Every structure is written in structure tokens, then in C-alpha cells.
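J.: Got a structure here, written out as C-alpha cells. Questions coming.
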Amino acid sequence: FAHGTNFVACSSELDMGVVLLDLRMPGMSGLEVLERLEAQIDRLAVIVITAHGEIEMAVRAMKAGARNFIQKPFDGDHLIDTIEREFDALLASA
């Protein structure tokens, strides 16, 4: 999705899956998107990524339902492993 608002508008129609949100996105921030996904958080595993991570933001993201918080720069293999692990956990909880 090009913008968080587009994603939020369609999120209730999406299948179960993993969502990558950057804290700094055009329009709505990743944290704002996450906070608006509250009703769908049981079927969407959210991973927040950022180059500007602060403890306060990480705590806020986790309280809003993020399953993981990854700081940039990150290793591509680590990101793929995290996505796979979160998807497996999501399937196991379904």
C-alpha cells in the first residue's frame, strides 16, 4: 500500500498475515496505523521497523499490539526469519 490510510481502509478485508510498518511513513505514521488496527490485531502480526527507534516508541508499539520491533539498519536474513517466525506464530494461534 502506498499510504497507511489506504491500508487501514482495506485492512478488515485482508487475509491473516504479517504487516511491516515503518514508524516514519508518508501521511499516517506506522504507529498511527498500528493503533488503528486494534480490531484486526488478532489476525495481523505487526512488525515495526525504524531507523529512529527510541525506547518510548518501542514500548508504545508493543502496547498497541506489535509483535516485534526492529531497528534499521537490519540484516535481510534477520528480517525474513522474523517474518517467518511471526507468521508461524500467527498460524499456531488461529
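Residue names in the C-alpha cells use chain letters A, B, ... in the order shown, residue numbers from 1 in each chain, and ligand numbers from 1 in the order shown.
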List the neighbours of Glu54 (chain A) out to 12 Å using only C-alpha atoms; skip same-chain residues closer than 6 positions along the sequence, and give me the result as a list in words.
T.: Leu23, Arg60, Ala61, Phe69, Ile70, Gln71 and Lys72 of chain A
J.: Put those residues in a file: N, CA, C and O atoms, as a PDB file, in the first residue's frame.
T.:
```pdb
ATOM      1  N   LEU A  23       8.010   3.339  11.251  1.00  0.00           N
ATOM      2  CA  LEU A  23       7.477   4.424  12.073  1.00  0.00           C
ATOM      3  C   LEU A  23       7.291   5.690  11.271  1.00  0.00           C
ATOM      4  O   LEU A  23       6.346   6.438  11.483  1.00  0.00           O
ATOM      5  N   ARG A  60       5.501   1.871  23.159  1.00  0.00           N
ATOM      6  CA  ARG A  60       4.178   2.263  22.640  1.00  0.00           C
ATOM      7  C   ARG A  60       3.722   1.302  21.542  1.00  0.00           C
ATOM      8  O   ARG A  60       2.553   0.899  21.504  1.00  0.00           O
ATOM      9  N   ALA A  61       4.635   0.920  20.658  1.00  0.00           N
ATOM     10  CA  ALA A  61       4.297  -0.021  19.581  1.00  0.00           C
ATOM     11  C   ALA A  61       3.914  -1.386  20.143  1.00  0.00           C
ATOM     12  O   ALA A  61       2.931  -1.989  19.708  1.00  0.00           O
ATOM     13  N   PHE A  69       9.863  -5.402  17.047  1.00  0.00           N
ATOM     14  CA  PHE A  69      10.344  -4.047  16.770  1.00  0.00           C
ATOM     15  C   PHE A  69      11.786  -4.192  16.314  1.00  0.00           C
ATOM     16  O   PHE A  69      12.626  -4.684  17.072  1.00  0.00           O
ATOM     17  N   ILE A  70      12.075  -3.811  15.077  1.00  0.00           N
ATOM     18  CA  ILE A  70      13.414  -3.988  14.507  1.00  0.00           C
ATOM     19  C   ILE A  70      13.976  -2.631  14.124  1.00  0.00           C
ATOM     20  O   ILE A  70      13.331  -1.848  13.432  1.00  0.00           O
ATOM     21  N   GLN A  71      15.205  -2.381  14.560  1.00  0.00           N
ATOM     22  CA  GLN A  71      15.848  -1.114  14.255  1.00  0.00           C
ATOM     23  C   GLN A  71      16.719  -1.239  13.008  1.00  0.00           C
ATOM     24  O   GLN A  71      17.414  -2.230  12.819  1.00  0.00           O
ATOM     25  N   LYS A  72      16.632  -0.217  12.129  1.00  0.00           N
ATOM     26  CA  LYS A  72      17.468  -0.144  10.931  1.00  0.00           C
ATOM     27  C   LYS A  72      18.860   0.338  11.322  1.00  0.00           C
ATOM     28  O   LYS A  72      18.972   1.108  12.277  1.00  0.00           O
TER      29      LYS A  72
END
```
J.: Run DSSP on the backbone and give me the residues of region 46-82 of chain A it puts in strand (DSSP E), as number ranges by chain.
T.: A: 46-50, 68-71
J.: Go ahead and dump the residues you just picked, N, CA and C atoms, as a tab-separated table (two decimals), in the first residue's frame.
T.:
```tsv
chain	number	residue	atom	x	y	z
A	46	VAL	N	2.10	-7.70	13.42
A	46	VAL	CA	2.74	-6.45	13.02
A	46	VAL	C	4.19	-6.41	13.50
A	47	ILE	N	5.08	-6.11	12.55
A	47	ILE	CA	6.49	-5.88	12.84
A	47	ILE	C	6.77	-4.43	12.52
A	48	VAL	N	7.27	-3.69	13.49
A	48	VAL	CA	7.59	-2.28	13.30
A	48	VAL	C	9.09	-2.16	13.03
A	49	ILE	N	9.43	-1.40	11.99
A	49	ILE	CA	10.83	-1.15	11.67
A	49	ILE	C	11.06	0.35	11.69
A	50	THR	N	12.27	0.74	12.08
A	50	THR	CA	12.58	2.17	12.11
A	50	THR	C	14.08	2.40	12.20
A	68	ASN	N	6.88	-7.38	17.14
A	68	ASN	CA	8.32	-7.24	17.09
A	68	ASN	C	8.67	-5.81	16.69
A	69	PHE	N	9.86	-5.40	17.05
A	69	PHE	CA	10.34	-4.05	16.77
A	69	PHE	C	11.79	-4.19	16.31
A	70	ILE	N	12.08	-3.81	15.08
A	70	ILE	CA	13.41	-3.99	14.51
A	70	ILE	C	13.98	-2.63	14.12
A	71	GLN	N	15.21	-2.38	14.56
A	71	GLN	CA	15.85	-1.11	14.26
A	71	GLN	C	16.72	-1.24	13.01
```
J.: Quote the spacing between CA of Ser93 (chain A) and CA of Gly76 (chain A) in Å to one decimal place.
T.: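 Computing the Euclidean distance for CA of Ser93 (chain A) and CA of Gly76 (chain A) yields 25.9 Å.
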J.: Nearest to Leu91 (chain A): which of A:Asp42, A:Arg67, A:Val33, A:Arg24 is it, counting only C-alpha atoms?
T.: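 Distance minimum relative to Leu91 (chain A) lands on A:Asp42.
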J.: Counting only C-alpha atoms, which residues in region 22-76 of chain A sit no more than 7 Å from region 7-18 of chain A? For each one, give the nearest pair of atoms and the distance in Å, sorted by chain then residue number, as a tab-separated table.
T.:
```
residue	atom	partner	partner_atom	distance
A:Val33	CA	A:Val8	CA	6.6
A:Leu37	CA	A:Val8	CA	6.9
A:Gln40	CA	A:Ser12	CA	6.7
A:Arg43	CA	A:Met16	CA	4.9
A:Leu44	CA	A:Gly17	CA	5.2
A:Ala45	CA	A:Val18	CA	4.6
A:Val46	CA	A:Val18	CA	5.8
```
J.: Tell me, in Å to one decimal, how far CA of Glu38 (chain A) is from CA of Phe87 (chain A).
T.: 18.0 Å
J.: Please identify which residues in region 10-43 of chain A DSSP calls helix (DSSP H, G or I) from the backbone, and express them as a PDB file with all heavy atoms, in the first residue's frame.
T.:
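Output (part_3.pdb):
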```
ATOM      1  N   CYS A  10      -8.527  -0.822   3.986  1.00  0.00           N
ATOM      2  CA  CYS A  10      -8.728  -2.166   3.429  1.00  0.00           C
ATOM      3  C   CYS A  10      -8.413  -3.286   4.415  1.00  0.00           C
ATOM      4  O   CYS A  10      -8.643  -4.456   4.115  1.00  0.00           O
ATOM      5  CB  CYS A  10      -7.850  -2.355   2.202  1.00  0.00           C
ATOM      6  SG  CYS A  10      -8.231  -1.256   0.848  1.00  0.00           S
ATOM      7  N   SER A  11      -7.882  -2.975   5.574  1.00  0.00           N
ATOM      8  CA  SER A  11      -7.351  -3.996   6.478  1.00  0.00           C
ATOM      9  C   SER A  11      -8.374  -5.033   6.911  1.00  0.00           C
ATOM     10  O   SER A  11      -8.030  -6.202   7.076  1.00  0.00           O
ATOM     11  CB  SER A  11      -6.710  -3.348   7.708  1.00  0.00           C
ATOM     12  OG  SER A  11      -7.672  -2.648   8.455  1.00  0.00           O
ATOM     13  N   SER A  12      -9.616  -4.658   7.065  1.00  0.00           N
ATOM     14  CA  SER A  12     -10.621  -5.632   7.512  1.00  0.00           C
ATOM     15  C   SER A  12     -10.931  -6.672   6.446  1.00  0.00           C
ATOM     16  O   SER A  12     -11.464  -7.738   6.755  1.00  0.00           O
ATOM     17  CB  SER A  12     -11.900  -4.913   7.942  1.00  0.00           C
ATOM     18  OG  SER A  12     -12.485  -4.259   6.837  1.00  0.00           O
ATOM     19  N   GLU A  13     -10.578  -6.397   5.200  1.00  0.00           N
ATOM     20  CA  GLU A  13     -10.838  -7.327   4.099  1.00  0.00           C
ATOM     21  C   GLU A  13      -9.657  -8.247   3.804  1.00  0.00           C
ATOM     22  O   GLU A  13      -9.776  -9.164   2.996  1.00  0.00           O
ATOM     23  CB  GLU A  13     -11.176  -6.536   2.836  1.00  0.00           C
ATOM     24  CG  GLU A  13     -12.386  -5.641   2.996  1.00  0.00           C
ATOM     25  CD  GLU A  13     -12.538  -4.676   1.833  1.00  0.00           C
ATOM     26  OE1 GLU A  13     -11.921  -4.876   0.779  1.00  0.00           O
ATOM     27  OE2 GLU A  13     -13.281  -3.702   2.010  1.00  0.00           O
ATOM     28  N   GLY A  30       3.570   4.823  11.033  1.00  0.00           N
ATOM     29  CA  GLY A  30       3.382   3.404  11.306  1.00  0.00           C
ATOM     30  C   GLY A  30       2.713   3.158  12.641  1.00  0.00           C
ATOM     31  O   GLY A  30       1.883   2.259  12.784  1.00  0.00           O
ATOM     32  N   LEU A  31       3.048   3.971  13.617  1.00  0.00           N
ATOM     33  CA  LEU A  31       2.434   3.833  14.936  1.00  0.00           C
ATOM     34  C   LEU A  31       0.952   4.187  14.895  1.00  0.00           C
ATOM     35  O   LEU A  31       0.125   3.510  15.509  1.00  0.00           O
ATOM     36  CB  LEU A  31       3.175   4.723  15.942  1.00  0.00           C
ATOM     37  CG  LEU A  31       3.047   4.361  17.402  1.00  0.00           C
ATOM     38  CD1 LEU A  31       3.271   2.888  17.669  1.00  0.00           C
ATOM     39  CD2 LEU A  31       4.011   5.192  18.222  1.00  0.00           C
ATOM     40  N   GLU A  32       0.591   5.199  14.137  1.00  0.00           N
ATOM     41  CA  GLU A  32      -0.831   5.557  13.972  1.00  0.00           C
ATOM     42  C   GLU A  32      -1.588   4.434  13.273  1.00  0.00           C
ATOM     43  O   GLU A  32      -2.715   4.109  13.659  1.00  0.00           O
ATOM     44  CB  GLU A  32      -0.970   6.856  13.183  1.00  0.00           C
ATOM     45  CG  GLU A  32      -0.509   8.080  13.934  1.00  0.00           C
ATOM     46  CD  GLU A  32      -0.469   9.323  13.052  1.00  0.00           C
ATOM     47  OE1 GLU A  32       0.008   9.241  11.904  1.00  0.00           O
ATOM     48  OE2 GLU A  32      -0.919  10.372  13.533  1.00  0.00           O
ATOM     49  N   VAL A  33      -0.978   3.845  12.255  1.00  0.00           N
ATOM     50  CA  VAL A  33      -1.608   2.710  11.567  1.00  0.00           C
ATOM     51  C   VAL A  33      -1.833   1.578  12.550  1.00  0.00           C
ATOM     52  O   VAL A  33      -2.922   1.015  12.643  1.00  0.00           O
ATOM     53  CB  VAL A  33      -0.759   2.232  10.365  1.00  0.00           C
ATOM     54  CG1 VAL A  33      -1.307   0.932   9.798  1.00  0.00           C
ATOM     55  CG2 VAL A  33      -0.696   3.302   9.287  1.00  0.00           C
ATOM     56  N   LEU A  34      -0.793   1.231  13.289  1.00  0.00           N
ATOM     57  CA  LEU A  34      -0.887   0.145  14.270  1.00  0.00           C
ATOM     58  C   LEU A  34      -2.008   0.397  15.268  1.00  0.00           C
ATOM     59  O   LEU A  34      -2.793  -0.510  15.564  1.00  0.00           O
ATOM     60  CB  LEU A  34       0.456  -0.004  14.984  1.00  0.00           C
ATOM     61  CG  LEU A  34       0.524  -1.031  16.107  1.00  0.00           C
ATOM     62  CD1 LEU A  34       0.178  -2.422  15.594  1.00  0.00           C
ATOM     63  CD2 LEU A  34       1.905  -1.021  16.737  1.00  0.00           C
ATOM     64  N   GLU A  35      -2.100   1.590  15.770  1.00  0.00           N
ATOM     65  CA  GLU A  35      -3.139   1.910  16.750  1.00  0.00           C
ATOM     66  C   GLU A  35      -4.546   1.816  16.158  1.00  0.00           C
ATOM     67  O   GLU A  35      -5.498   1.519  16.867  1.00  0.00           O
ATOM     68  CB  GLU A  35      -2.879   3.282  17.361  1.00  0.00           C
ATOM     69  CG  GLU A  35      -1.655   3.260  18.279  1.00  0.00           C
ATOM     70  CD  GLU A  35      -1.161   4.616  18.728  1.00  0.00           C
ATOM     71  OE1 GLU A  35      -1.541   5.644  18.105  1.00  0.00           O
ATOM     72  OE2 GLU A  35      -0.381   4.657  19.690  1.00  0.00           O
ATOM     73  N   ARG A  36      -4.678   2.023  14.868  1.00  0.00           N
ATOM     74  CA  ARG A  36      -5.996   1.910  14.215  1.00  0.00           C
ATOM     75  C   ARG A  36      -6.340   0.471  13.832  1.00  0.00           C
ATOM     76  O   ARG A  36      -7.467   0.188  13.450  1.00  0.00           O
ATOM     77  CB  ARG A  36      -6.060   2.798  12.981  1.00  0.00           C
ATOM     78  CG  ARG A  36      -6.025   4.253  13.394  1.00  0.00           C
ATOM     79  CD  ARG A  36      -6.378   5.134  12.270  1.00  0.00           C
ATOM     80  NE  ARG A  36      -6.228   6.521  12.683  1.00  0.00           N
ATOM     81  CZ  ARG A  36      -6.586   7.528  11.959  1.00  0.00           C
ATOM     82  NH1 ARG A  36      -7.115   7.329  10.772  1.00  0.00           N
ATOM     83  NH2 ARG A  36      -6.413   8.755  12.385  1.00  0.00           N
ATOM     84  N   GLU A  38      -6.423  -2.030  15.850  1.00  0.00           N
ATOM     85  CA  GLU A  38      -6.754  -2.734  17.088  1.00  0.00           C
ATOM     86  C   GLU A  38      -7.732  -3.889  16.878  1.00  0.00           C
ATOM     87  O   GLU A  38      -7.530  -4.984  17.394  1.00  0.00           O
ATOM     88  CB  GLU A  38      -7.313  -1.750  18.110  1.00  0.00           C
ATOM     89  CG  GLU A  38      -7.593  -2.371  19.434  1.00  0.00           C
ATOM     90  CD  GLU A  38      -8.092  -1.352  20.450  1.00  0.00           C
ATOM     91  OE1 GLU A  38      -8.097  -0.143  20.161  1.00  0.00           O
ATOM     92  OE2 GLU A  38      -8.478  -1.779  21.529  1.00  0.00           O
ATOM     93  N   ALA A  39      -8.778  -3.694  16.105  1.00  0.00           N
ATOM     94  CA  ALA A  39      -9.790  -4.734  15.899  1.00  0.00           C
ATOM     95  C   ALA A  39      -9.260  -5.920  15.092  1.00  0.00           C
ATOM     96  O   ALA A  39      -9.762  -7.024  15.218  1.00  0.00           O
ATOM     97  CB  ALA A  39     -11.018  -4.147  15.217  1.00  0.00           C
ATOM     98  N   GLN A  40      -8.233  -5.713  14.277  1.00  0.00           N
ATOM     99  CA  GLN A  40      -7.703  -6.785  13.436  1.00  0.00           C
ATOM    100  C   GLN A  40      -6.400  -7.385  13.975  1.00  0.00           C
ATOM    101  O   GLN A  40      -5.827  -8.267  13.356  1.00  0.00           O
ATOM    102  CB  GLN A  40      -7.440  -6.280  12.011  1.00  0.00           C
ATOM    103  CG  GLN A  40      -8.676  -5.967  11.228  1.00  0.00           C
ATOM    104  CD  GLN A  40      -9.051  -4.509  11.324  1.00  0.00           C
ATOM    105  OE1 GLN A  40      -8.264  -3.669  11.673  1.00  0.00           O
ATOM    106  NE2 GLN A  40     -10.297  -4.200  11.039  1.00  0.00           N
TER     107      GLN A  40
END
```
J.: Between CA of Phe1 (chain A) and CA of Ser29 (chain A), what is the distance in Å, rounded to a tenth?
T.: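 According to the coordinates, CA of Phe1 (chain A) and CA of Ser29 (chain A) are separated by 13.2 Å.
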